[in-house]
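J.: Contents of input_17.txt (compact mmCIF, C-alpha atoms):
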# COMPACT_ATOMS: atom_id res chain seq x y z
CA MET A 1 8.85 8.47 7.45
CA ILE A 2 5.61 6.46 7.29
CA GLY A 3 6.09 2.73 6.77
CA TYR A 4 4.39 -0.54 7.62
CA VAL A 5 4.03 -1.15 11.35
CA PRO A 6 2.66 -4.54 12.47
CA GLY A 7 -0.53 -4.31 14.47
CA SER A 8 -4.05 -5.58 14.88
CA THR A 9 -6.10 -2.45 14.22
CA VAL A 10 -9.25 -2.58 12.10
CA ALA A 11 -7.27 -1.10 9.23
CA HIS A 12 -4.67 -3.89 9.48
CA ARG A 13 -7.36 -6.54 9.10
CA LEU A 14 -9.04 -5.06 6.03
CA ASP A 15 -8.45 -6.47 2.55
CA PRO A 16 -5.83 -4.32 0.76
CA ARG A 17 -8.16 -3.98 -2.25
CA ALA A 18 -10.87 -2.44 -0.06
CA LYS A 19 -8.29 -0.02 1.33
CA LEU A 20 -7.14 0.94 -2.17
CA ALA A 21 -10.77 1.52 -3.20
CA VAL A 22 -11.32 3.83 -0.23
CA GLN A 23 -8.23 5.87 -1.15
CA VAL A 24 -9.28 6.34 -4.75
CA ALA A 25 -12.88 7.17 -3.80
CA PHE A 26 -11.73 9.58 -1.11
CA ALA A 27 -9.47 11.42 -3.57
CA ALA A 28 -12.28 11.59 -6.15
CA ALA A 29 -14.70 13.00 -3.57
CA ALA A 30 -12.09 15.52 -2.40
CA PHE A 31 -11.69 16.77 -5.96
CA ALA A 32 -15.47 16.97 -6.50
CA TYR A 33 -16.08 18.82 -3.22
CA THR A 34 -13.19 21.28 -2.93
CA THR A 35 -15.35 23.67 -0.90
CA PRO A 36 -15.01 24.66 2.78
CA ARG A 37 -18.02 22.55 3.73
CA GLY A 38 -17.03 19.53 1.63
CA LEU A 39 -13.49 19.54 2.96
CA ALA A 40 -14.77 19.89 6.54
CA VAL A 41 -16.80 16.68 6.14
CA LEU A 42 -13.85 14.92 4.50
CA SER A 43 -11.54 16.13 7.32
CA VAL A 44 -13.70 14.28 9.85
CA LEU A 45 -13.56 11.20 7.64
CA ALA A 46 -9.76 11.45 7.20
CA LEU A 47 -9.36 11.84 10.95
CA ALA A 48 -11.48 8.73 11.52
CA VAL A 49 -9.41 6.74 9.00
CA THR A 50 -6.11 7.74 10.63
CA ARG A 51 -7.57 6.84 14.05
CA LEU A 52 -8.59 3.40 12.79
CA ALA A 53 -5.01 2.87 11.64
CA SER A 54 -3.70 4.35 14.96
CA LEU A 55 -1.67 6.82 12.95
CA SER A 56 -0.85 10.25 14.39
CA LEU A 57 -1.54 13.31 12.26
CA ALA A 58 1.77 14.78 13.43
CA SER A 59 3.70 11.90 11.84
CA VAL A 60 1.73 12.34 8.60
CA ALA A 61 2.58 16.05 8.58
CA ARG A 62 6.24 15.30 9.32
CA SER A 63 6.51 12.84 6.45
CA PHE A 64 4.97 15.41 4.13
CA ARG A 65 7.07 18.40 5.17
CA VAL A 66 9.18 18.62 1.98
CA PHE A 67 5.98 19.51 0.10
CA PHE A 68 4.88 22.32 2.43
CA PRO A 69 6.75 25.09 0.56
CA PHE A 70 4.79 24.20 -2.63
CA LEU A 71 1.45 24.09 -0.82
CA VAL A 72 2.10 27.51 0.75
CA ALA A 73 3.60 29.12 -2.36
CA ALA A 74 0.79 28.03 -4.70
CA PRO A 75 -1.94 30.24 -3.12
CA LEU A 76 0.51 33.12 -2.56
CA VAL A 77 1.63 33.22 -6.20
CA ALA A 78 -2.01 33.02 -7.33
CA THR A 79 -2.73 36.41 -5.71
CA VAL A 80 -0.23 38.19 -7.99
CA GLN A 81 -1.77 39.75 -11.09
CA ILE A 82 0.50 40.97 -13.84
CA SER A 83 -1.72 43.20 -15.98
CA PRO A 84 -2.70 45.49 -14.35
CA PRO A 85 -0.20 44.86 -11.53
CA ALA A 86 -2.23 44.10 -8.40
CA ILE A 87 -2.64 41.72 -5.49
CA ASP A 88 -5.94 39.84 -5.45
CA PRO A 89 -6.43 37.96 -2.15
CA GLU A 90 -9.65 36.32 -3.48
CA ALA A 91 -7.59 34.37 -6.01
CA ALA A 92 -5.82 32.54 -3.20
CA VAL A 93 -8.99 30.85 -1.91
CA TYR A 94 -9.22 27.92 -4.34
CA PRO A 95 -5.46 27.17 -4.35
CA ALA A 96 -5.49 27.25 -0.53
CA LEU A 97 -8.40 24.79 -0.45
CA SER A 98 -6.50 22.61 -2.95
CA SER A 99 -3.44 22.63 -0.70
CA TYR A 100 -5.57 21.54 2.26
CA ARG A 101 -7.19 18.84 0.13
CA VAL A 102 -3.75 17.36 -0.60
CA LEU A 103 -3.11 16.97 3.14
CA LEU A 104 -6.36 15.04 3.61
CA VAL A 105 -5.68 12.59 0.76
CA VAL A 106 -2.09 12.10 1.96
CA ALA A 107 -3.36 11.27 5.47
CA VAL A 108 -5.76 8.62 4.10
CA SER A 109 -3.10 6.99 1.94
CA ALA A 110 -0.60 7.08 4.83
CA ALA A 111 -3.09 4.88 6.72
CA TYR A 112 -2.79 2.29 3.91
CA VAL A 113 1.02 2.43 3.94
CA ARG A 114 1.10 1.96 7.71
CA THR A 115 -1.25 -1.00 7.81
CA THR A 116 -0.48 -3.05 4.68
CA THR A 117 2.39 -5.51 4.25
CA VAL A 118 4.35 -5.81 1.02
CA ARG A 119 2.98 -9.34 0.56
CA GLU A 120 -0.60 -8.12 0.78
CA SER A 121 0.07 -5.25 -1.62
CA ARG A 122 1.72 -7.63 -4.06
CA ALA A 123 -1.21 -10.03 -3.87
CA ALA A 124 -3.64 -7.13 -4.35
CA ILE A 125 -1.73 -5.97 -7.45
CA GLN A 126 -1.57 -9.44 -8.97
CA ARG A 127 -5.20 -10.19 -8.32
CA THR A 128 -6.28 -6.84 -9.76
CA VAL A 129 -4.01 -6.70 -12.83
CA PRO A 130 -4.46 -9.99 -14.72
CA GLY A 131 -1.82 -12.08 -16.47
CA ARG A 132 1.86 -11.41 -16.94
CA PRO A 133 1.65 -7.61 -16.51
CA GLY A 134 0.27 -8.27 -13.02
CA VAL A 135 3.09 -10.72 -12.20
CA PHE A 136 5.65 -8.24 -13.52
CA LEU A 137 4.23 -5.45 -11.33
CA GLY A 138 3.86 -7.70 -8.29
CA VAL A 139 7.35 -9.21 -8.45
CA GLY A 140 8.92 -5.87 -9.40
CA VAL A 141 7.27 -4.03 -6.53
CA SER A 142 8.38 -6.56 -3.95
CA LEU A 143 11.94 -6.46 -5.34
CA VAL A 144 11.96 -2.66 -5.01
CA PHE A 145 10.92 -2.97 -1.35
CA ARG A 146 13.61 -5.60 -0.75
CA PHE A 147 16.50 -3.83 -2.46
CA LEU A 148 15.83 -0.18 -1.64
CA PRO A 149 17.47 -0.38 1.84
CA LEU A 150 20.51 -2.24 0.41
CA ILE A 151 21.08 0.24 -2.40
CA ARG A 152 20.55 3.17 -0.04
CA ARG A 153 23.13 1.75 2.36
CA GLU A 154 25.64 1.26 -0.46
CA ILE A 155 25.20 4.81 -1.70
CA THR A 156 25.62 6.16 1.83
CA ALA A 157 28.81 4.12 2.20
CA VAL A 158 30.14 5.49 -1.10
CA ARG A 159 29.40 9.05 -0.02
CA GLU A 160 31.01 8.58 3.39
CA ALA A 161 34.11 7.03 1.87
CA SER A 162 34.32 9.88 -0.61
CA ALA A 163 33.86 12.49 2.13
CA ALA A 164 36.60 10.87 4.23
CA ARG A 165 38.95 11.35 1.26
CA LEU A 166 37.99 15.04 0.86
CA GLY A 167 35.61 14.16 -1.99
CA THR A 168 33.35 16.96 -0.76
CA GLU A 169 35.94 19.45 -2.02
CA ARG A 170 35.61 18.23 -5.61
CA PRO A 171 33.45 20.00 -8.22
CA LEU A 172 29.70 19.26 -8.03
CA ILE A 173 29.45 17.39 -11.36
CA ASP A 174 32.36 15.18 -10.36
CA ARG A 175 30.71 14.34 -7.01
CA ILE A 176 27.40 13.47 -8.68
CA GLU A 177 29.23 11.28 -11.21
CA ARG A 178 31.06 9.35 -8.50
CA VAL A 179 27.91 8.54 -6.55
CA ALA A 180 25.89 7.66 -9.63
CA VAL A 181 28.58 5.50 -11.27
CA ALA A 182 29.07 3.52 -8.06
CA GLY A 183 25.31 3.21 -7.57
CA ALA A 184 24.54 2.19 -11.16
CA THR A 185 27.40 -0.32 -11.59
CA ARG A 186 26.61 -2.06 -8.29
CA THR A 187 22.90 -2.08 -9.11
CA LEU A 188 23.43 -3.65 -12.53
CA ARG A 189 25.82 -6.26 -11.15
CA ARG A 190 23.43 -7.07 -8.35
CA ALA A 191 20.56 -7.35 -10.87
CA ASP A 192 22.52 -9.90 -12.90
CA ARG A 193 23.27 -11.99 -9.80
CA LEU A 194 19.62 -11.70 -8.79
CA SER A 195 18.29 -12.88 -12.14
CA THR A 196 20.62 -15.92 -12.08
CA ALA A 197 19.40 -16.70 -8.57
CA LEU A 198 15.75 -16.26 -9.60
CA SER A 199 16.13 -18.57 -12.59
CA ALA A 200 17.91 -21.15 -10.44
CA ARG A 201 14.90 -21.15 -8.11
CA CYS A 202 12.22 -21.77 -10.74
CA PHE A 203 11.16 -18.14 -11.16
CA ALA A 204 7.68 -18.59 -12.63
CA TRP A 205 4.87 -16.53 -14.09
CA ASN A 206 2.36 -18.36 -11.88
CA PRO A 207 3.68 -18.48 -8.31
CA THR A 208 1.39 -19.19 -5.34
CA LEU A 209 0.07 -15.99 -3.80
CA PRO A 210 -1.08 -15.44 -0.22
CA ARG A 211 -4.83 -15.89 0.07
CA LEU A 212 -6.84 -12.67 -0.07
CA SER A 213 -10.50 -12.75 0.67
CA LEU A 214 -13.02 -10.02 1.18
CA THR A 215 -14.72 -10.66 4.53
CA ARG A 216 -17.64 -9.14 6.39
CA MET A 217 -15.20 -6.61 7.85
CA ASP A 218 -14.55 -5.19 4.40
CA VAL A 219 -18.22 -4.41 3.77
CA PRO A 220 -18.18 -1.04 5.61
CA ALA A 221 -14.95 -0.03 3.82
CA LEU A 222 -16.37 -0.95 0.40
CA ALA A 223 -19.65 0.79 1.28
CA LEU A 224 -17.71 3.92 2.21
CA ALA A 225 -15.81 3.80 -1.10
CA GLY A 226 -19.12 3.31 -2.95
CA ALA A 227 -20.76 6.21 -1.13
CA LEU A 228 -17.83 8.53 -1.84
CA LEU A 229 -17.84 7.58 -5.53
CA ALA A 230 -21.63 8.03 -5.71
CA ALA A 231 -21.27 11.49 -4.14
CA THR A 232 -18.57 12.32 -6.71
CA LEU A 233 -20.77 11.21 -9.61
CA PHE A 234 -23.73 13.11 -8.15
CA ARG A 235 -21.61 16.27 -8.19
CA ALA A 236 -20.41 15.61 -11.74
CA VAL A 237 -23.91 15.36 -13.27
CA MET B 1 -2.09 -20.12 1.03
CA ALA B 2 -4.13 -20.42 -2.11
CA THR B 3 -3.53 -23.68 -3.96
CA ASN B 4 -2.37 -23.61 -7.55
CA THR B 5 -2.72 -26.80 -9.57
CA GLU B 6 -1.56 -25.62 -13.01
CA SER B 7 1.93 -26.52 -14.14
CA VAL B 8 4.78 -24.10 -13.52
CA ASP B 9 5.21 -21.50 -16.27
CA LEU B 10 8.89 -20.52 -16.01
CA VAL B 11 10.10 -17.01 -16.77
CA GLY B 12 12.75 -17.08 -19.54
CA ASP B 13 16.33 -16.06 -18.75
CA GLU B 14 16.19 -12.87 -20.80
CA ALA B 15 12.91 -11.73 -19.25
CA ALA B 16 14.24 -12.55 -15.77
CA THR B 17 17.36 -10.46 -16.40
CA ASN B 18 15.33 -7.55 -17.72
CA LEU B 19 12.85 -7.74 -14.86
CA ALA B 20 15.64 -7.82 -12.26
CA ARG B 21 17.38 -4.87 -13.91
CA ALA B 22 14.15 -2.86 -14.15
CA ALA B 23 13.22 -3.53 -10.52
CA LEU B 24 16.67 -2.77 -9.14
CA PHE B 25 16.94 0.37 -11.25
CA ALA B 26 13.59 1.48 -9.81
CA ALA B 27 15.07 0.94 -6.35
CA LEU B 28 18.15 2.93 -7.41
CA VAL B 29 15.97 5.88 -8.49
CA GLY B 30 14.24 5.60 -5.10
CA ALA B 31 17.63 5.62 -3.34
CA PHE B 32 18.67 8.64 -5.44
CA ALA B 33 15.74 10.55 -3.91
CA TYR B 34 17.69 10.52 -0.63
CA VAL B 35 20.96 11.77 -2.12
CA SER B 36 21.11 15.53 -1.96
CA PHE B 37 23.86 17.95 -2.85
CA PRO B 38 24.02 21.64 -1.96
CA ASN B 39 22.82 23.77 -4.86
CA PRO B 40 25.37 26.37 -6.03
CA LEU B 41 22.63 28.47 -7.69
CA SER B 42 20.12 28.69 -4.82
CA ALA B 43 20.97 27.48 -1.35
CA GLY B 44 17.38 26.68 -0.35
CA VAL B 45 16.78 24.12 -3.10
CA PRO B 46 18.97 21.02 -2.68
CA ILE B 47 19.87 18.94 -5.75
CA THR B 48 18.50 15.41 -5.60
CA LEU B 49 19.36 12.75 -8.16
CA GLN B 50 15.93 11.27 -9.00
CA VAL B 51 15.80 12.89 -12.43
CA LEU B 52 19.36 11.69 -13.11
CA GLY B 53 18.04 8.20 -12.34
CA VAL B 54 15.31 8.66 -14.96
CA PHE B 55 17.93 9.74 -17.54
CA LEU B 56 20.09 6.73 -16.75
CA ALA B 57 17.12 4.33 -16.86
CA GLY B 58 16.27 5.48 -20.40
CA ILE B 59 19.89 5.36 -21.57
CA MET B 60 21.10 2.20 -19.84
CA LEU B 61 17.96 0.02 -19.91
CA GLY B 62 16.57 1.33 -23.21
CA PRO B 63 13.12 2.73 -23.98
CA VAL B 64 11.06 -0.36 -23.14
CA TRP B 65 12.66 -1.59 -19.92
CA GLY B 66 13.68 1.89 -18.81
CA SER B 67 10.07 2.95 -19.02
CA LEU B 68 8.83 -0.24 -17.30
CA SER B 69 11.39 0.33 -14.58
CA MET B 70 9.83 3.74 -13.91
CA VAL B 71 6.37 2.12 -13.84
CA LEU B 72 7.68 -0.21 -11.11
CA TYR B 73 9.07 2.81 -9.27
CA LEU B 74 5.64 4.47 -9.29
CA ALA B 75 3.81 1.26 -8.32
CA ALA B 76 6.20 0.53 -5.45
CA GLY B 77 5.88 4.08 -4.16
CA ALA B 78 2.08 3.90 -4.42
CA VAL B 79 1.85 0.83 -2.19
CA GLY B 80 4.30 2.11 0.40
CA ALA B 81 7.99 1.85 -0.59
CA PRO B 82 9.53 5.16 0.58
CA VAL B 83 10.89 6.12 -2.85
CA PHE B 84 9.29 9.48 -3.62
CA SER B 85 10.92 12.85 -2.73
CA GLY B 86 11.82 13.11 0.93
CA GLY B 87 11.24 9.40 1.52
CA THR B 88 7.47 9.68 1.10
CA ALA B 89 5.14 6.95 -0.16
CA GLY B 90 1.47 6.41 -0.86
CA LEU B 91 -1.09 6.33 -3.62
CA SER B 92 -1.95 9.96 -2.81
CA TYR B 93 1.31 11.11 -4.42
CA LEU B 94 0.12 9.72 -7.75
CA ILE B 95 -3.51 10.85 -7.60
CA ALA B 96 -3.73 14.04 -5.53
CA SER B 97 -0.33 15.58 -4.83
CA PRO B 98 0.61 18.76 -6.73
CA THR B 99 3.84 17.03 -7.78
CA LEU B 100 2.02 14.12 -9.44
CA GLY B 101 2.85 15.39 -12.93
CA PHE B 102 6.56 14.96 -12.28
CA LEU B 103 6.09 11.36 -11.13
CA TRP B 104 3.82 10.39 -14.04
CA SER B 105 6.28 11.90 -16.50
CA TYR B 106 9.10 9.50 -15.52
CA PRO B 107 7.98 6.48 -17.63
CA PHE B 108 7.38 8.74 -20.66
CA ALA B 109 10.66 10.63 -20.21
CA ALA B 110 12.64 7.38 -19.84
CA ALA B 111 10.94 5.97 -22.95
CA VAL B 112 11.66 9.05 -25.09
CA ILE B 113 15.25 9.35 -23.84
CA GLY B 114 15.78 5.68 -24.66
CA LEU B 115 14.18 6.03 -28.09
CA VAL B 116 16.33 9.02 -29.03
CA ALA B 117 19.58 7.65 -27.57
CA HIS B 118 19.18 4.17 -29.08
CA ARG B 119 17.38 5.35 -32.26
CA GLY B 120 14.69 2.74 -31.84
CA THR B 121 13.39 0.25 -29.33
CA SER B 122 16.32 -2.16 -29.45
CA LEU B 123 19.29 -1.57 -27.18
CA SER B 124 22.48 -0.41 -28.91
CA ASP B 125 25.95 0.11 -27.46
CA VAL B 126 25.62 3.19 -25.23
CA ASP B 127 29.32 3.95 -25.51
CA ALA B 128 28.93 4.49 -29.25
CA VAL B 129 26.09 7.03 -28.96
CA PRO B 130 27.48 10.49 -29.86
CA THR B 131 27.45 13.01 -26.98
CA PRO B 132 25.19 15.54 -28.80
CA VAL B 133 22.54 12.81 -29.25
CA LEU B 134 22.74 11.93 -25.55
CA VAL B 135 22.45 15.57 -24.53
CA GLY B 136 19.57 16.12 -26.96
CA ALA B 137 17.75 13.07 -25.60
CA MET B 138 18.08 14.32 -22.04
CA VAL B 139 17.02 17.87 -22.96
CA VAL B 140 13.84 16.43 -24.50
CA GLY B 141 13.41 14.26 -21.39
CA THR B 142 13.79 17.29 -19.13
CA ALA B 143 11.19 19.17 -21.18
CA ILE B 144 8.76 16.24 -20.78
CA ILE B 145 9.35 16.02 -17.02
CA TYR B 146 8.84 19.74 -16.41
CA GLY B 147 5.99 19.98 -18.93
CA PHE B 148 4.05 17.20 -17.20
CA GLY B 149 5.08 18.61 -13.81
CA THR B 150 3.85 22.12 -14.55
CA VAL B 151 0.53 20.98 -16.04
CA GLY B 152 0.02 18.55 -13.14
CA PHE B 153 0.69 21.28 -10.61
CA ALA B 154 -1.76 23.65 -12.31
CA VAL B 155 -4.48 20.97 -12.55
CA ILE B 156 -4.19 20.12 -8.84
CA GLN B 157 -3.78 23.63 -7.44
CA TYR B 158 -5.61 26.06 -9.70
CA ASP B 159 -9.04 26.46 -11.23
CA PRO B 160 -9.18 26.78 -14.22
CA TRP B 161 -5.79 25.15 -14.64
CA TYR B 162 -4.95 26.45 -18.12
CA ALA B 163 -5.19 30.07 -16.93
CA SER B 164 -2.56 29.52 -14.24
CA LEU B 165 0.20 27.66 -16.06
CA TRP B 166 2.79 30.35 -15.48
CA GLN B 167 2.08 30.46 -11.74
CA ALA B 168 2.38 26.67 -11.67
CA PHE B 169 5.70 26.86 -13.52
CA VAL B 170 7.06 29.52 -11.15
CA VAL B 171 6.15 27.55 -8.03
CA SER B 172 6.89 24.01 -9.17
CA SER B 173 9.72 24.19 -11.69
CA LEU B 174 11.54 27.51 -12.02
CA ALA B 175 14.05 26.87 -9.22
CA PHE B 176 14.82 23.34 -10.43
CA VAL B 177 15.24 23.66 -14.21
CA PRO B 178 18.74 25.30 -14.24
CA VAL B 179 20.18 22.47 -12.13
CA GLU B 180 19.13 19.93 -14.76
CA ALA B 181 22.06 21.13 -16.89
CA VAL B 182 24.39 19.87 -14.16
CA LYS B 183 22.64 16.47 -14.13
CA ILE B 184 22.80 16.20 -17.93
CA ALA B 185 26.53 16.94 -17.83
CA ALA B 186 26.99 14.37 -15.08
CA ALA B 187 24.91 11.78 -16.99
CA VAL B 188 27.14 12.13 -20.08
CA GLY B 189 30.20 11.55 -17.89
CA ILE B 190 28.54 8.54 -16.26
CA VAL B 191 27.53 6.90 -19.54
CA LYS B 192 31.03 7.35 -20.97
CA ASN B 193 32.63 6.02 -17.76
CA ASP B 194 34.67 2.82 -18.17
CA ALA B 195 33.15 1.19 -15.06
CA ILE B 196 29.65 1.54 -16.54
CA ALA B 197 30.77 0.16 -19.89
CA ALA B 198 32.13 -2.92 -18.12
CA ALA B 199 28.97 -3.50 -16.01
Could you rewrite the structure in this file as structure tokens?
T.:
Amino acid sequence: MIGYVPGSTVAHRLDPRAKLAVQVAFAAAAFAYTTPRGLAVLSVLALAVTRLASLSLASVARSFRVFFPFLVAAPLVATVQISPPAIDPEAAVYPALSSYRVLLVVAVSAAYVRTTTVRESRAAIQRTVPGRPGVFLGVGVSLVFRFLPLIRREITAVREASAARLGTERPLIDRIERVAVAGATRTLRRADRLSTALSARCFAWNPTLPRLSLTRMDVPALALAGALLAATLFRAV
Amino acid sequence: MATNTESVDLVGDEAATNLARAALFAALVGAFAYVSFPNPLSAGVPITLQVLGVFLAGIMLGPVWGSLSMVLYLAAGAVGAPVFSGGTAGLSYLIASPTLGFLWSYPFAAAVIGLVAHRGTSLSDVDAVPTPVLVGAMVVGTAIIYGFGTVGFAVIQYDPWYASLWQAFVVSSLAFVPVEAVKIAAAVGIVKNDAIAAA
């Protein structure tokens, strides 16, 4: 699983907004240039980005493994023609390139995930989305980060307790119900306690955010994003 | 730290409760992505509970907050919370992955399920909603999720996308649709459960 790892790489020191811009621009360029040559250039770029974040490609591939069956099946199914029944290998070319393109974009966004703290992401969201919607997204996102491990642990405990009492022998629907009822009731109760605690601590629409400032270091990243977007637009017209 | 000199603008109690519920429900859907059960219909495709989480968000939080909860789920996953299938995270899953249609459908599905189940945007007593209405709401929700999912898959993988919808459906959805009946049945049981009514 790819997650934030503290460090002092170039990617760690960039402004999160610059990193988000690079991701979006990279994806746009990958869609505009889904050709062998275009993807070869973008592969070099993706490799450079993962290097800057000292992220190994093997760990990116491992995190992405649940999606491999789809990426392999998509080109294979494309070769099947129904009327007249035939196999057309040519038809697999574009879907195969698309599958490869997904890997590249995933690698670039994994570099963001590895090098950006929740606080930075929250600040980036709230400085990008103005007003209360931005606060809602920022606060909500940091709460999800905070409570995901707790809720996961509770659900695991429920499943283990159920398994110890031969719950695994029960019908499937019954097992799903048990896990979900325990998960949902605890989550709602916890949410009510949390909202009381938030209100008690002056939960406000205008809290103080960590300072974010674009520095000289961000110039190359923003230039890269600009160049990729320009290349995409050039292709579109 | 940046300095803020304006006066504090407090969040009201009701908004704070709704925000906390939406955020924690988003985390619950993320946690459901890790819960897998063996599939009785096809052994290779495990059953995960994410979609059940979407159903419950629409029914228990209502159309507005259920949908916003799913927006938080997507935003948190985009900036790195490991909440997407298989514990993955990253903006790429929302903008370039072949499964992006499924993810983007969640806020819409939760909203429609909530609208049908509560017959409007205000929250009514879930216990009083007749079972056929609940089932109907979730069937519509399932159609939205797989409709978005199939179109998304075709757009990402095939060119032109509209000529390859059936291939996209076969690869992305066919194996998963039958299991949704199990989740709908479970969701009805969950909503009618006494522990949920008390929460």
J.: May I ask for the distance between atom CA of Val237 of chain A and atom CA of Ser98 of chain A, given in Å to one decimal place?
T.: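 The value is 21.5 Å.
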J.: How would you write as a PDB file with C-alpha atoms, in the coordinates of the input the residues that get within 6 Å of (17.1, 3.7, -25.1) in the file's frame, counting only C-alpha atoms?
T.:
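Dumped everything to out_33.pdb:
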ATOM      1  CA  GLY B  58      16.270   5.480 -20.400  1.00  0.00           C
ATOM      2  CA  ILE B  59      19.890   5.360 -21.570  1.00  0.00           C
ATOM      3  CA  GLY B  62      16.570   1.330 -23.210  1.00  0.00           C
ATOM      4  CA  PRO B  63      13.120   2.730 -23.980  1.00  0.00           C
ATOM      5  CA  GLY B 114      15.780   5.680 -24.660  1.00  0.00           C
ATOM      6  CA  LEU B 115      14.180   6.030 -28.090  1.00  0.00           C
ATOM      7  CA  ALA B 117      19.580   7.650 -27.570  1.00  0.00           C
ATOM      8  CA  HIS B 118      19.180   4.170 -29.080  1.00  0.00           C
TER       9      HIS B 118
END
J.: Rounded to one decimal, what separation in Å do you get between atom CA of Ile113 of chain B and atom CA of Met138 of chain B?
T.: 6.0 Å
J.: Using all atoms listed in the file, select each residue of chain B with any atom at most 6 Å away from an atom of chain A, and give the selection as a list in words.
T.: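 In the required form, that comes to Met1, Ala2, Asp9, Leu10, Val11, Ala16, Thr17, Ala20, Arg21, Ala23, Ala27, Ala31, Leu72, Ala76, Gly80, Ala81, Gly90, Leu91, Ser92, Ala96, Ser97, Gln157, Tyr158, Ala186, Ile190, Ile196 and Ala199 of chain B.
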J.: Hey, could you pull the box centre and edge lengths for segment 9-25 of chain B, axis-aligned, 6 Å padding per side, all listed atoms, to one decimal in Å, as AutoDock Vina command-line options?
T.:
--center_x 11.3 --center_y -10.6 --center_z -15.0 --size_x 24.2 --size_y 33.9 --size_z 23.7
J.: What is the distance between atom CA of Val112 of chain B and atom CA of Phe148 of chain B, in Å to one decimal?
T.: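 Separating atom CA of Val112 of chain B from atom CA of Phe148 of chain B is a distance of 13.7 Å.
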J.: Using all atoms listed in the file, which protein or nucleic acid residues come within 10 Å of Ala181 of chain B? Drop anything in the same chain fewer than 4 positions from it, and give the result as a list in words.
T.: Ile173 of chain A; Val135, Met138, Val139, Thr142, Phe176, Val177, Ala185, Ala186 and Ala187 of chain B
J.: Residues near Gln50 of chain B, anyone? I mean within 6 Å using all atoms listed in the file, not counting same-chain ones fewer than 3 positions away, as a PDB file with C-alpha atoms, keeping the file's coordinate frame.
T.:
ATOM      1  CA  VAL B  29      15.970   5.880  -8.490  1.00  0.00           C
ATOM      2  CA  PHE B  32      18.670   8.640  -5.440  1.00  0.00           C
ATOM      3  CA  ALA B  33      15.740  10.550  -3.910  1.00  0.00           C
ATOM      4  CA  GLY B  53      18.040   8.200 -12.340  1.00  0.00           C
TER       5      GLY B  53
END
J.: Smallest atom-to-atom distance to Ser36 of chain B: which of B:Leu123, B:Val129, B:Leu49, B:Leu68, using all atoms listed in the file?
T.: B:Leu49
J.: For Ser8 of chain A, please output as a ChimeraX atom specification all residues within 10 Å (counting only C-alpha atoms; exclusion window: fewer than 5 positions along the same chain).
T.: /A:13,53-54,115
J.: Could you pull the residues within 8 Å of Gly152 of chain B, counting all atoms listed in the file, minus those fewer than 2 positions along the same chain, as a ChimeraX atom specification?
T.: /B:98-102,148-150,154-156
J.: For Val191 of chain B, find every residue with an atom within 8 Å (counting all atoms listed in the file), except residues of its own chain fewer than 6 positions away, and show them as an mmCIF file with C-alpha atoms, in the coordinates of the input.
T.:
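Here's the written file part.cif:
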data_model
loop_
_atom_site.group_PDB
_atom_site.id
_atom_site.type_symbol
_atom_site.label_atom_id
_atom_site.label_comp_id
_atom_site.auth_asym_id
_atom_site.auth_seq_id
_atom_site.Cartn_x
_atom_site.Cartn_y
_atom_site.Cartn_z
ATOM 1 C CA LEU B 56 20.090 6.730 -16.750
ATOM 2 C CA MET B 60 21.100 2.200 -19.840
ATOM 3 C CA VAL B 126 25.620 3.190 -25.230
ATOM 4 C CA ASP B 127 29.320 3.950 -25.510
ATOM 5 C CA ALA B 197 30.770 0.160 -19.890
#
